[in-house]
$ cat my_file-v6.txt   # compact mmCIF, C-alpha atoms and all ligand atoms
# COMPACT_ATOMS: atom_id res chain seq x y z
CA MET A 25 20.82 12.74 -7.10
CA ILE A 26 19.86 10.63 -4.08
CA PRO A 27 16.34 9.28 -4.86
CA TYR A 28 13.62 8.96 -2.17
CA GLY A 29 13.30 5.23 -2.88
CA ARG A 30 15.09 2.68 -4.99
CA GLN A 31 14.95 -1.04 -5.74
CA GLU A 32 17.88 -3.42 -5.31
CA ILE A 33 18.41 -6.00 -8.07
CA THR A 34 21.01 -8.70 -7.40
CA GLN A 35 22.66 -11.25 -9.69
CA GLU A 36 20.41 -13.90 -8.08
CA ASP A 37 17.35 -11.88 -9.15
CA ILE A 38 18.65 -11.64 -12.71
CA ASP A 39 19.45 -15.37 -12.81
CA ALA A 40 15.95 -16.24 -11.55
CA VAL A 41 14.37 -14.09 -14.26
CA VAL A 42 16.58 -15.50 -17.01
CA THR A 43 15.73 -19.05 -15.95
CA VAL A 44 12.03 -18.35 -16.48
CA LEU A 45 12.69 -16.54 -19.78
CA ARG A 46 14.32 -19.77 -21.01
CA SER A 47 11.52 -21.99 -19.67
CA ASP A 48 8.25 -23.10 -21.32
CA PHE A 49 6.01 -20.62 -19.48
CA LEU A 50 6.50 -16.87 -19.49
CA THR A 51 3.02 -16.44 -18.02
CA GLN A 52 0.31 -18.72 -16.54
CA GLY A 53 3.00 -21.23 -15.55
CA PRO A 54 4.15 -22.54 -12.16
CA LYS A 55 5.99 -19.46 -10.82
CA VAL A 56 2.90 -17.36 -10.06
CA PRO A 57 1.29 -19.99 -7.78
CA GLU A 58 4.71 -20.59 -6.22
CA PHE A 59 5.01 -16.87 -5.45
CA GLU A 60 1.45 -16.81 -4.08
CA ARG A 61 2.17 -19.77 -1.78
CA ALA A 62 5.47 -18.27 -0.60
CA LEU A 63 3.81 -15.01 0.40
CA ALA A 64 0.87 -16.80 2.02
CA ARG A 65 3.38 -18.79 4.09
CA TYR A 66 5.38 -15.66 4.92
CA CYS A 67 2.28 -13.76 6.07
CA GLY A 68 0.40 -16.64 7.66
CA ALA A 69 -2.60 -16.20 5.34
CA ALA A 70 -4.44 -19.06 3.65
CA HIS A 71 -4.44 -17.64 0.11
CA GLY A 72 -2.62 -15.13 -2.09
CA VAL A 73 -3.98 -13.98 -5.46
CA ALA A 74 -1.24 -12.21 -7.43
CA ALA A 75 -2.04 -9.40 -9.87
CA ASN A 76 -0.24 -7.06 -12.26
CA SER A 77 -0.44 -4.20 -9.72
CA ALA A 78 -1.76 -3.37 -6.28
CA THR A 79 -4.28 -1.14 -8.05
CA SER A 80 -5.65 -4.22 -9.87
CA ALA A 81 -5.59 -6.22 -6.62
CA LEU A 82 -7.62 -3.49 -4.85
CA HIS A 83 -10.14 -3.57 -7.71
CA MET A 84 -10.36 -7.40 -7.53
CA ALA A 85 -10.85 -7.12 -3.76
CA CYS A 86 -13.72 -4.64 -4.12
CA MET A 87 -15.39 -6.74 -6.83
CA ALA A 88 -15.09 -9.93 -4.77
CA LEU A 89 -16.66 -8.13 -1.80
CA GLY A 90 -19.59 -7.18 -4.02
CA LEU A 91 -19.06 -3.41 -4.12
CA GLY A 92 -21.34 -1.74 -6.66
CA PRO A 93 -23.36 1.36 -7.55
CA GLY A 94 -25.11 2.85 -4.53
CA ASP A 95 -22.47 1.46 -2.15
CA ARG A 96 -19.89 3.49 -0.24
CA LEU A 97 -16.19 2.96 0.28
CA TRP A 98 -14.28 4.91 2.91
CA THR A 99 -10.52 5.33 3.14
CA SER A 100 -7.77 7.62 4.41
CA PRO A 101 -7.12 10.90 2.57
CA ILE A 102 -3.36 10.54 3.11
CA THR A 103 -2.72 7.80 0.57
CA PHE A 104 -2.08 7.21 -3.10
CA VAL A 105 -5.18 7.76 -5.26
CA ALA A 106 -5.45 4.01 -6.00
CA SER A 107 -6.81 3.32 -2.47
CA ALA A 108 -9.88 5.38 -3.41
CA ASN A 109 -10.14 4.72 -7.16
CA CYS A 110 -10.94 1.03 -6.58
CA GLY A 111 -14.29 2.16 -5.17
CA LEU A 112 -14.99 4.36 -8.19
CA TYR A 113 -14.15 1.50 -10.60
CA CYS A 114 -17.06 -0.40 -9.04
CA GLY A 115 -19.46 2.54 -9.34
CA ALA A 116 -19.46 3.17 -5.57
CA THR A 117 -19.04 6.58 -3.95
CA VAL A 118 -15.89 7.31 -1.94
CA ASP A 119 -15.52 9.25 1.29
CA PHE A 120 -12.58 9.94 3.59
CA VAL A 121 -11.84 9.45 7.29
CA ASP A 122 -9.38 11.87 8.92
CA ILE A 123 -6.02 10.70 10.24
CA ASP A 124 -4.45 10.41 13.68
CA PRO A 125 -2.19 13.44 14.28
CA ASP A 126 0.72 11.29 15.51
CA THR A 127 0.72 8.06 13.45
CA TRP A 128 -0.82 9.72 10.33
CA ASN A 129 -2.97 6.60 9.86
CA LEU A 130 -6.76 6.59 9.62
CA ASP A 131 -8.03 7.48 13.12
CA PRO A 132 -10.45 4.90 14.62
CA VAL A 133 -11.93 7.57 16.95
CA VAL A 134 -12.86 9.76 13.96
CA LEU A 135 -14.08 6.61 12.19
CA ALA A 136 -16.36 5.66 15.11
CA ALA A 137 -17.97 9.13 15.16
CA LYS A 138 -18.41 9.15 11.38
CA LEU A 139 -19.97 5.66 11.47
CA GLU A 140 -22.45 6.70 14.15
CA ALA A 141 -23.53 9.70 12.06
CA ALA A 142 -23.73 7.52 8.93
CA LYS A 143 -25.88 4.99 10.76
CA GLU A 144 -28.38 7.75 11.64
CA ALA A 145 -28.36 8.99 8.04
CA GLY A 146 -28.52 5.51 6.50
CA THR A 147 -25.21 6.07 4.68
CA LEU A 148 -22.94 3.38 6.19
CA PRO A 149 -20.00 2.20 4.05
CA LYS A 150 -19.77 -1.29 2.58
CA ILE A 151 -15.95 -1.32 2.56
CA LEU A 152 -13.26 0.47 4.54
CA VAL A 153 -9.80 0.55 2.94
CA ALA A 154 -7.31 0.89 5.82
CA VAL A 155 -4.00 2.24 4.51
CA HIS A 156 -0.85 1.38 6.46
CA PHE A 157 0.89 4.69 5.90
CA ALA A 158 4.66 4.58 5.36
CA GLY A 159 4.62 0.89 6.37
CA GLN A 160 3.05 1.11 9.84
CA SER A 161 -0.14 -0.87 10.41
CA CYS A 162 -3.34 0.98 11.27
CA ASP A 163 -5.03 0.22 14.60
CA MET A 164 -6.59 -2.87 13.06
CA ARG A 165 -8.03 -4.22 16.31
CA ALA A 166 -10.17 -1.10 16.74
CA ILE A 167 -11.12 -1.05 13.05
CA HIS A 168 -12.10 -4.72 13.16
CA ALA A 169 -14.30 -4.17 16.23
CA LEU A 170 -16.08 -1.30 14.45
CA SER A 171 -16.53 -3.45 11.32
CA ILE A 172 -18.47 -5.98 13.41
CA GLU A 173 -20.52 -3.31 15.16
CA TYR A 174 -21.50 -1.47 11.95
CA GLY A 175 -21.35 -4.33 9.44
CA PHE A 176 -18.76 -3.25 6.88
CA ARG A 177 -15.91 -5.18 5.22
CA VAL A 178 -12.24 -4.31 5.68
CA VAL A 179 -9.51 -4.23 3.03
CA GLU A 180 -6.00 -3.40 4.20
CA ASP A 181 -4.07 -1.38 1.62
CA ALA A 182 -0.68 -2.61 2.82
CA SER A 183 1.13 -1.42 -0.30
CA HIS A 184 3.73 0.14 2.04
CA ALA A 185 3.75 -2.59 4.62
CA VAL A 186 4.88 -5.99 3.29
CA GLY A 187 7.39 -7.23 5.86
CA GLY A 188 5.74 -5.23 8.65
CA ARG A 189 4.13 -6.74 11.74
CA TYR A 190 1.13 -6.01 13.93
CA LEU A 191 0.38 -7.46 17.38
CA GLY A 192 2.88 -10.27 16.94
CA GLY A 193 1.70 -11.38 13.48
CA ALA A 194 2.78 -10.48 9.96
CA VAL A 195 0.83 -7.79 8.14
CA GLY A 196 -1.11 -9.78 5.54
CA ASN A 197 -2.36 -12.50 7.89
CA CYS A 198 -5.84 -10.91 7.58
CA ARG A 199 -6.59 -11.55 11.24
CA TYR A 200 -8.50 -8.24 11.39
CA SER A 201 -9.59 -7.86 7.77
CA ASP A 202 -11.16 -9.65 4.80
CA ILE A 203 -8.37 -8.96 2.32
CA THR A 204 -4.87 -7.40 2.48
CA VAL A 205 -3.21 -5.94 -0.62
CA PHE A 206 0.53 -5.48 -1.21
CA SER A 207 2.31 -3.57 -4.00
CA PHE A 208 5.54 -4.65 -5.69
CA HIS A 209 6.26 -1.41 -7.55
CA PRO A 210 10.04 -0.75 -7.55
CA VAL A 211 9.89 1.94 -4.85
CA LYS A 212 8.13 -0.44 -2.43
CA ILE A 213 9.80 -2.98 -0.12
CA VAL A 214 10.25 -5.81 -2.65
CA THR A 215 9.55 -5.63 -6.36
CA THR A 216 8.18 -7.62 -9.31
CA VAL A 217 8.72 -4.52 -11.57
CA GLU A 218 4.95 -3.88 -11.55
CA GLY A 219 2.81 -6.16 -9.46
CA GLY A 220 0.58 -6.70 -6.46
CA ILE A 221 -1.22 -9.40 -4.51
CA ALA A 222 -4.37 -9.84 -2.45
CA MET A 223 -4.07 -12.04 0.64
CA THR A 224 -7.14 -13.61 2.28
CA ASN A 225 -8.17 -16.45 4.58
CA ASP A 226 -11.49 -16.86 2.76
CA GLY A 227 -11.35 -19.46 -0.02
CA LYS A 228 -14.50 -18.06 -1.69
CA LEU A 229 -13.02 -14.55 -1.86
CA ALA A 230 -9.76 -15.98 -3.25
CA ALA A 231 -11.62 -17.90 -5.98
CA SER A 232 -13.71 -14.85 -6.82
CA MET A 233 -10.65 -12.60 -7.08
CA ALA A 234 -8.89 -15.18 -9.29
CA LEU A 235 -11.93 -15.16 -11.59
CA PHE A 236 -11.95 -11.33 -11.90
CA ARG A 237 -8.18 -11.43 -12.52
CA SER A 238 -8.60 -13.46 -15.69
CA HIS A 239 -11.63 -12.40 -17.78
CA GLY A 240 -14.21 -13.99 -15.48
CA VAL A 241 -13.34 -17.23 -17.24
CA THR A 242 -13.17 -20.51 -15.34
CA ARG A 243 -12.16 -24.09 -16.07
CA ASP A 244 -13.28 -25.23 -12.63
CA PRO A 245 -16.50 -27.35 -12.97
CA ALA A 246 -17.56 -26.15 -9.50
CA GLN A 247 -17.78 -22.56 -10.81
CA MET A 248 -19.62 -23.46 -14.04
CA GLU A 249 -23.30 -23.12 -14.80
CA ARG A 250 -23.49 -25.86 -17.41
CA ALA A 251 -22.03 -29.34 -17.66
CA SER A 252 -18.61 -29.61 -19.27
CA GLU A 253 -18.66 -30.43 -22.98
CA GLY A 254 -15.10 -31.79 -22.96
CA ALA A 255 -11.55 -31.01 -21.91
CA TRP A 256 -11.50 -27.79 -24.00
CA TYR A 257 -14.55 -26.40 -22.25
CA TYR A 258 -14.46 -23.18 -20.23
CA GLU A 259 -17.08 -20.69 -19.20
CA GLN A 260 -17.15 -16.95 -18.74
CA VAL A 261 -19.33 -16.54 -15.66
CA ALA A 262 -18.52 -12.91 -14.76
CA LEU A 263 -17.07 -9.80 -16.37
CA GLY A 264 -13.39 -9.99 -15.50
CA TYR A 265 -10.21 -8.31 -16.67
CA ASN A 266 -6.67 -9.28 -17.57
CA TYR A 267 -4.96 -8.42 -14.29
CA ARG A 268 -2.47 -11.32 -14.36
CA LEU A 269 1.11 -11.20 -13.07
CA THR A 270 3.60 -12.96 -15.35
CA ASP A 271 5.87 -15.87 -14.38
CA VAL A 272 8.91 -13.70 -15.20
CA GLN A 273 7.74 -11.18 -12.60
CA ALA A 274 6.82 -13.86 -10.06
CA ALA A 275 10.37 -15.29 -10.33
CA LEU A 276 11.78 -11.86 -9.52
CA GLY A 277 9.33 -11.56 -6.62
CA LEU A 278 10.32 -14.95 -5.20
CA SER A 279 13.99 -14.04 -5.36
CA GLN A 280 13.36 -10.64 -3.73
CA LEU A 281 11.18 -12.23 -1.04
CA SER A 282 14.17 -14.21 0.24
CA ARG A 283 15.72 -10.87 1.35
CA ILE A 284 12.62 -9.16 2.75
CA ASP A 285 13.50 -9.36 6.44
CA HIS A 286 17.00 -8.09 5.71
CA TYR A 287 15.51 -5.14 3.81
CA VAL A 288 13.08 -4.23 6.57
CA ALA A 289 15.84 -4.51 9.20
CA ARG A 290 18.06 -2.17 7.18
CA ARG A 291 15.17 0.29 6.77
CA HIS A 292 14.67 0.24 10.56
CA TYR A 293 18.36 0.84 11.16
CA LEU A 294 18.34 3.86 8.81
CA ALA A 295 15.04 5.18 10.23
CA ASP A 296 16.43 5.01 13.79
CA ARG A 297 19.57 6.76 12.58
CA TYR A 298 17.45 9.53 10.99
CA ALA A 299 15.56 9.93 14.26
CA SER A 300 18.75 10.67 16.15
CA LEU A 301 20.34 12.80 13.40
CA LEU A 302 17.19 14.95 13.21
CA GLN A 303 17.10 15.78 16.92
CA GLY A 304 17.00 19.52 17.51
CA LEU A 305 15.69 20.27 14.01
CA PRO A 306 12.22 21.82 13.55
CA VAL A 307 10.58 18.57 12.47
CA ARG A 308 8.28 15.88 13.84
CA ILE A 309 8.57 12.23 12.81
CA GLN A 310 5.89 9.53 12.57
CA LYS A 311 5.00 8.08 15.97
CA GLU A 312 5.84 4.38 16.14
CA HIS A 313 2.84 2.73 17.76
CA PRO A 314 3.87 -0.06 20.19
CA ASP A 315 1.44 -2.54 18.54
CA ALA A 316 3.11 -2.13 15.14
CA PHE A 317 6.49 -2.93 13.62
CA SER A 318 6.70 -0.78 10.47
CA ALA A 319 8.13 -1.98 7.18
CA PHE A 320 9.37 1.63 6.77
CA HIS A 321 8.53 2.03 3.11
CA LEU A 322 8.84 5.80 3.67
CA PHE A 323 10.59 8.06 6.14
CA VAL A 324 8.32 11.08 6.43
CA ILE A 325 8.92 14.26 8.45
CA ARG A 326 6.43 16.98 9.28
CA LEU A 327 8.30 20.30 9.07
CA ARG A 328 7.30 22.91 11.66
CA VAL A 329 6.61 25.48 8.95
CA GLU A 330 4.37 27.66 11.14
CA GLY A 331 6.09 31.04 11.67
CA ALA A 332 9.33 29.90 9.99
CA ALA A 333 11.33 32.04 7.54
CA TRP A 334 11.38 29.08 5.13
CA SER A 335 8.51 27.01 3.70
CA ARG A 336 8.00 23.38 2.79
CA ARG A 337 8.39 24.44 -0.82
CA SER A 338 11.71 26.24 -0.18
CA VAL A 339 13.01 23.24 1.78
CA PHE A 340 11.93 20.88 -1.02
CA GLU A 341 13.62 23.01 -3.68
CA THR A 342 16.82 23.67 -1.69
CA MET A 343 17.26 19.98 -0.96
CA ARG A 344 16.68 19.04 -4.60
CA GLU A 345 19.26 21.65 -5.64
CA MET A 346 21.65 19.98 -3.20
CA GLY A 347 21.15 16.59 -4.88
CA VAL A 348 18.54 15.10 -2.54
CA ALA A 349 15.33 14.03 -4.29
CA VAL A 350 12.88 14.54 -1.44
CA ASN A 351 9.20 13.95 -2.16
CA VAL A 352 5.75 14.59 -0.65
CA HIS A 353 3.37 11.80 0.38
CA TYR A 354 0.51 12.65 -0.04
CA ILE A 355 -1.76 15.44 -1.26
CA PRO A 356 -5.15 14.69 0.43
CA VAL A 357 -6.96 12.58 -2.18
CA TYR A 358 -10.27 14.45 -1.84
CA ASP A 359 -8.47 17.62 -2.95
CA GLN A 360 -7.55 16.14 -6.35
CA PRO A 361 -9.45 17.90 -9.16
CA PHE A 362 -11.07 14.63 -10.23
CA PHE A 363 -12.41 13.96 -6.73
CA ARG A 364 -13.49 17.60 -6.28
CA ALA A 365 -15.37 17.40 -9.59
CA ASN A 366 -17.07 14.26 -8.29
CA GLY A 367 -18.36 15.95 -5.16
CA SER A 368 -15.57 15.58 -2.57
CA ALA A 369 -15.64 18.46 -0.10
CA ARG A 370 -12.61 20.71 0.20
CA ASN A 371 -10.79 20.77 3.59
CA ALA A 372 -12.85 17.75 4.61
CA CYS A 373 -10.21 16.40 6.99
CA PRO A 374 -8.48 19.10 9.08
CA ILE A 375 -5.76 16.83 10.54
CA ALA A 376 -4.85 15.60 7.05
CA GLU A 377 -4.69 19.23 5.84
CA ASP A 378 -2.41 20.17 8.72
CA TYR A 379 -0.19 17.14 8.10
CA TYR A 380 0.04 17.85 4.36
CA ALA A 381 1.07 21.50 4.92
CA GLY A 382 4.46 20.39 6.29
CA ALA A 383 4.96 16.83 5.03
CA LEU A 384 8.25 15.88 3.40
CA THR A 385 9.62 12.42 2.54
CA LEU A 386 13.36 11.85 3.01
CA PRO A 387 15.26 9.18 1.03
CA LEU A 388 15.03 5.69 2.54
CA TYR A 389 15.97 2.42 0.85
CA PRO A 390 18.25 -0.49 1.79
CA ALA A 391 21.21 0.57 -0.36
CA LEU A 392 21.24 4.13 1.04
CA THR A 393 24.67 4.52 2.66
CA GLU A 394 25.30 6.26 5.97
CA SER A 395 27.30 8.99 4.24
CA GLU A 396 24.44 9.58 1.79
CA GLN A 397 22.10 9.77 4.75
CA ASP A 398 24.41 12.34 6.39
CA GLN A 399 24.27 14.32 3.14
CA VAL A 400 20.45 14.29 3.32
CA VAL A 401 20.50 15.64 6.87
CA GLU A 402 23.09 18.32 5.99
CA ALA A 403 20.90 19.46 3.08
CA LEU A 404 17.87 19.63 5.39
CA LYS A 405 19.86 21.64 7.95
CA ALA A 406 20.95 24.07 5.23
CA ALA A 407 17.36 24.39 4.00
CA VAL A 408 15.92 25.28 7.42
CA SER A 409 18.78 27.54 8.60
C1 LIG B 1 1.88 2.19 -4.56
C2 LIG B 1 0.54 2.24 -3.93
C3 LIG B 1 -0.60 1.72 -4.53
C4 LIG B 1 -0.60 1.23 -5.95
O1 LIG B 1 0.33 0.27 -6.17
P1 LIG B 1 0.61 -0.23 -7.67
O2 LIG B 1 1.24 -1.56 -7.48
O3 LIG B 1 1.54 0.78 -8.26
O4 LIG B 1 -0.69 -0.28 -8.38
C5 LIG B 1 -1.79 1.69 -3.83
N1 LIG B 1 -1.86 2.19 -2.60
C6 LIG B 1 -0.80 2.75 -1.98
C7 LIG B 1 -0.95 3.25 -0.59
C8 LIG B 1 0.43 2.80 -2.63
O5 LIG B 1 1.47 3.37 -2.04
$ encode --input "my_file-v6.txt" --output "structure tokens"
Amino acid sequence: MIPYGRQEITQEDIDAVVTVLRSDFLTQGPKVPEFERALARYCGAAHGVAANSATSALHMACMALGLGPGDRLWTSPITFVASANCGLYCGATVDFVDIDPDTWNLDPVVLAAKLEAAKEAGTLPKILVAVHFAGQSCDMRAIHALSIEYGFRVVEDASHAVGGRYLGGAVGNCRYSDITVFSFHPVKIVTTVEGGIAMTNDGKLAASMALFRSHGVTRDPAQMERASEGAWYYEQVALGYNYRLTDVQAALGLSQLSRIDHYVARRHYLADRYASLLQGLPVRIQKEHPDAFSAFHLFVIRLRVEGAAWSRRSVFETMREMGVAVNVHYIPVYDQPFFRANGSARNACPIAEDYYAGALTLPLYPALTESEQDQVVEALKAAVS
């Protein structure tokens, strides 16, 4: 079976992990800060706060930005549920902004109209989570301008987009946002097994996220309420969690990071090759916006199912039977039973609904060979013939 995504683990990765396993610190040692500094350098951000998942990093980001009961968080419906759940963890309500029909990212025009209506109704959001779908940055310049006009904070959910670029800078430089989150799950661009990180240029936000990452406990006198009683002394000054990444994982991340540009280049090569192999087939592909250089976490097609003798489901099943593990990203989040039960409206975002009706993710990962890719396209051709 050809999977839709797959990690690559080299001997160098294994050696880096083994070195840490034999060292004094398996966790809370020097590798995590080293990994944080390496990513901050790579992205051009001032700080990185690593976590045990992107989900944890999104939660830390929302806590640091002060999200709480009575507040609102808005995000894209075409994303993984974690982009929305971070708002619910903080007791906020979550709402969704429809996508652009060509890039499939949150649409700033829809956002502007929704903000104007929310301003009238007194229901403006505190945080917008902008999801860089499939690895392509949202229109961050437009989103940033709206954040100033309407006074909300911006978190980039760049779980798909580490290694991507936007307007000449690396995604993660936080030029147009408060915080940017990456995921290092094995299907993403680089992996720490499980893991994530929050990038920011704001030292206060970084310190606050680091506090929430580790029980709300600090050993920094500047964060304490009382005077130190000695070298053993620490204080819990907030309710935090254990969201720490381990040194073993950080070592894997550092080793993987040395190949990130090579991975993204290979993903681009394969994506371009798909684009030409798919010509003449009843599919649309994601529009590449000129401002963005995608990290190509996913290669998604929108099947023209309308009036066809086959369906997305039949194509999915035929391709799986032919050994190609296609996937679907994503079911609109507001349509999940949990969100429906918590008041999300059905069919709230018509463009997202239309996208979802024909969405299919084809395999894309650096080790995918050209002959495997040909096999994927042959299976798709058979499924739509
Ligand atoms: C993978 C993913 C997440 C969650 O990442 P984890 O590291 O698995 O917690 C969040 N948002 C999006 C868009 C993702 O694709």
$ closest_residue --input "my_file-v6.txt" --among "A:Gly53, A:Gly159, A:Gly304, A:Gly331" --to "ligand LIG 1 (chain B)" --atoms "all atoms listed in the file"
A:Gly159
$ closest_atom_pairs --input "my_file-v6.txt" --of "range 39-67 of chain A" --to "range 197-217 of chain A" --cutoff "12 Å" --atoms "all atoms listed in the file" --output "CSV"
residue,atom,partner,partner_atom,distance
A:Ala40,CA,A:Thr216,CA,11.8
A:Val41,CA,A:Thr216,CA,10.2
A:Val56,CA,A:Thr216,CA,11.1
A:Phe59,CA,A:Thr216,CA,10.5
A:Glu60,CA,A:Phe206,CA,11.7
A:Leu63,CA,A:Asn197,CA,10.0
A:Ala64,CA,A:Asn197,CA,8.0
A:Arg65,CA,A:Asn197,CA,9.3
A:Tyr66,CA,A:Asn197,CA,8.9
A:Cys67,CA,A:Asn197,CA,5.1
$ residues_near_ligand --input "my_file-v6.txt" --ligand "ligand LIG 1 (chain B)" --cutoff "6 Å" --atoms "all atoms listed in the file" --output "mmCIF file with C-alpha atoms, keeping the file's coordinate frame"
data_model
loop_
_atom_site.group_PDB
_atom_site.id
_atom_site.type_symbol
_atom_site.label_atom_id
_atom_site.label_comp_id
_atom_site.auth_asym_id
_atom_site.auth_seq_id
_atom_site.Cartn_x
_atom_site.Cartn_y
_atom_site.Cartn_z
ATOM 1 C CA SER A 77 -0.440 -4.200 -9.720
ATOM 2 C CA ALA A 78 -1.760 -3.370 -6.280
ATOM 3 C CA THR A 79 -4.280 -1.140 -8.050
ATOM 4 C CA THR A 103 -2.720 7.800 0.570
ATOM 5 C CA PHE A 104 -2.080 7.210 -3.100
ATOM 6 C CA ALA A 106 -5.450 4.010 -6.000
ATOM 7 C CA SER A 107 -6.810 3.320 -2.470
ATOM 8 C CA ASP A 181 -4.070 -1.380 1.620
ATOM 9 C CA SER A 183 1.130 -1.420 -0.300
ATOM 10 C CA HIS A 184 3.730 0.140 2.040
ATOM 11 C CA SER A 207 2.310 -3.570 -4.000
ATOM 12 C CA PHE A 208 5.540 -4.650 -5.690
ATOM 13 C CA HIS A 209 6.260 -1.410 -7.550
ATOM 14 C CA GLU A 218 4.950 -3.880 -11.550
ATOM 15 C CA GLY A 219 2.810 -6.160 -9.460
ATOM 16 C CA GLY A 220 0.580 -6.700 -6.460
#
$ closest_residue --input "my_file-v6.txt" --among "A:Ile221, A:Gln35, A:Trp128, A:Leu294" --to "Leu276 in chain A" --atoms "all atoms listed in the file"
A:Gln35
$ residues_around --input "my_file-v6.txt" --residues "Ile167 in chain A" --least-positions-apart "4" --cutoff "10 Å" --atoms "only C-alpha atoms" --output "list in words"
Leu130, Asp131, Pro132, Val133, Leu135, Ala136, Leu152, Ala154, Cys162, Asp163, Ser171, Ile172, Glu173, Val178, Tyr200 and Ser201 of chain A
$ closest_residue --input "my_file-v6.txt" --among "A:Ala407, A:Cys86, A:Val400, A:Leu301" --to "Arg337 in chain A" --atoms "all atoms listed in the file"
A:Ala407
$ closest_residue --input "my_file-v6.txt" --among "A:Gly264, A:Leu404, A:His71, A:Ala383" --to "Asp226 in chain A" --atoms "all atoms listed in the file"
A:His71
$ residues_around --input "my_file-v6.txt" --residues "Pro57 in chain A" --least-positions-apart "3" --cutoff "12 Å" --atoms "all atoms listed in the file" --output "count of residues only"
25
$ closest_residue --input "my_file-v6.txt" --among "A:Val352, A:Ala222, A:Ile123, A:Val153" --to "Ala376 in chain A" --atoms "all atoms listed in the file"
A:Ile123
$ atom_distance --input "my_file-v6.txt" --atom1 "CA of Ser279 in chain A" --atom2 "CA of Phe320 in chain A"
20.3 Å
$ residues_around --input "my_file-v6.txt" --residues "Leu229 in chain A" --least-positions-apart "6" --cutoff "8 Å" --atoms "only C-alpha atoms" --output "list in words"
Ala85, Ala88 and Leu89 of chain A
$ closest_residue --input "my_file-v6.txt" --among "A:Val357, A:Leu392, A:Ala406, A:Ala145" --to "Glu345 in chain A" --atoms "only C-alpha atoms"
A:Ala406
$ build_atoms --input "my_file-v6.txt" --residues "range 366-380 of chain A" --atoms "N, CA and C atoms" --output "short mmCIF file (atom, residue, chain, number, x, y, z; two decimals), in the coordinates of the input"
data_model
loop_
_atom_site.label_atom_id
_atom_site.label_comp_id
_atom_site.auth_asym_id
_atom_site.auth_seq_id
_atom_site.Cartn_x
_atom_site.Cartn_y
_atom_site.Cartn_z
N ASN A 366 -16.10 15.31 -8.59
CA ASN A 366 -17.07 14.26 -8.29
C ASN A 366 -17.66 14.42 -6.89
N GLY A 367 -17.59 15.64 -6.36
CA GLY A 367 -18.36 15.95 -5.16
C GLY A 367 -17.62 15.87 -3.84
N SER A 368 -16.29 15.59 -3.84
CA SER A 368 -15.57 15.58 -2.57
C SER A 368 -15.48 17.00 -2.03
N ALA A 369 -15.70 17.13 -0.73
CA ALA A 369 -15.64 18.46 -0.10
C ALA A 369 -14.18 18.88 0.08
N ARG A 370 -13.92 20.16 -0.06
CA ARG A 370 -12.61 20.71 0.20
C ARG A 370 -12.38 20.78 1.71
N ASN A 371 -11.13 20.66 2.17
CA ASN A 371 -10.79 20.77 3.59
C ASN A 371 -11.64 19.83 4.45
N ALA A 372 -11.95 18.67 3.91
CA ALA A 372 -12.85 17.75 4.61
C ALA A 372 -12.22 17.17 5.87
N CYS A 373 -10.91 17.06 5.88
CA CYS A 373 -10.21 16.40 6.99
C CYS A 373 -9.11 17.33 7.53
N PRO A 374 -9.42 18.07 8.61
CA PRO A 374 -8.48 19.10 9.08
C PRO A 374 -7.11 18.55 9.52
N ILE A 375 -7.06 17.37 10.10
CA ILE A 375 -5.76 16.83 10.54
C ILE A 375 -4.91 16.47 9.31
N ALA A 376 -5.57 15.92 8.29
CA ALA A 376 -4.85 15.60 7.05
C ALA A 376 -4.32 16.87 6.39
N GLU A 377 -5.13 17.95 6.41
CA GLU A 377 -4.69 19.23 5.84
C GLU A 377 -3.45 19.74 6.57
N ASP A 378 -3.52 19.67 7.89
CA ASP A 378 -2.41 20.17 8.72
C ASP A 378 -1.15 19.34 8.47
N TYR A 379 -1.32 18.04 8.39
CA TYR A 379 -0.19 17.14 8.10
C TYR A 379 0.43 17.51 6.75
N TYR A 380 -0.43 17.62 5.73
CA TYR A 380 0.04 17.85 4.36
C TYR A 380 0.82 19.17 4.24
#
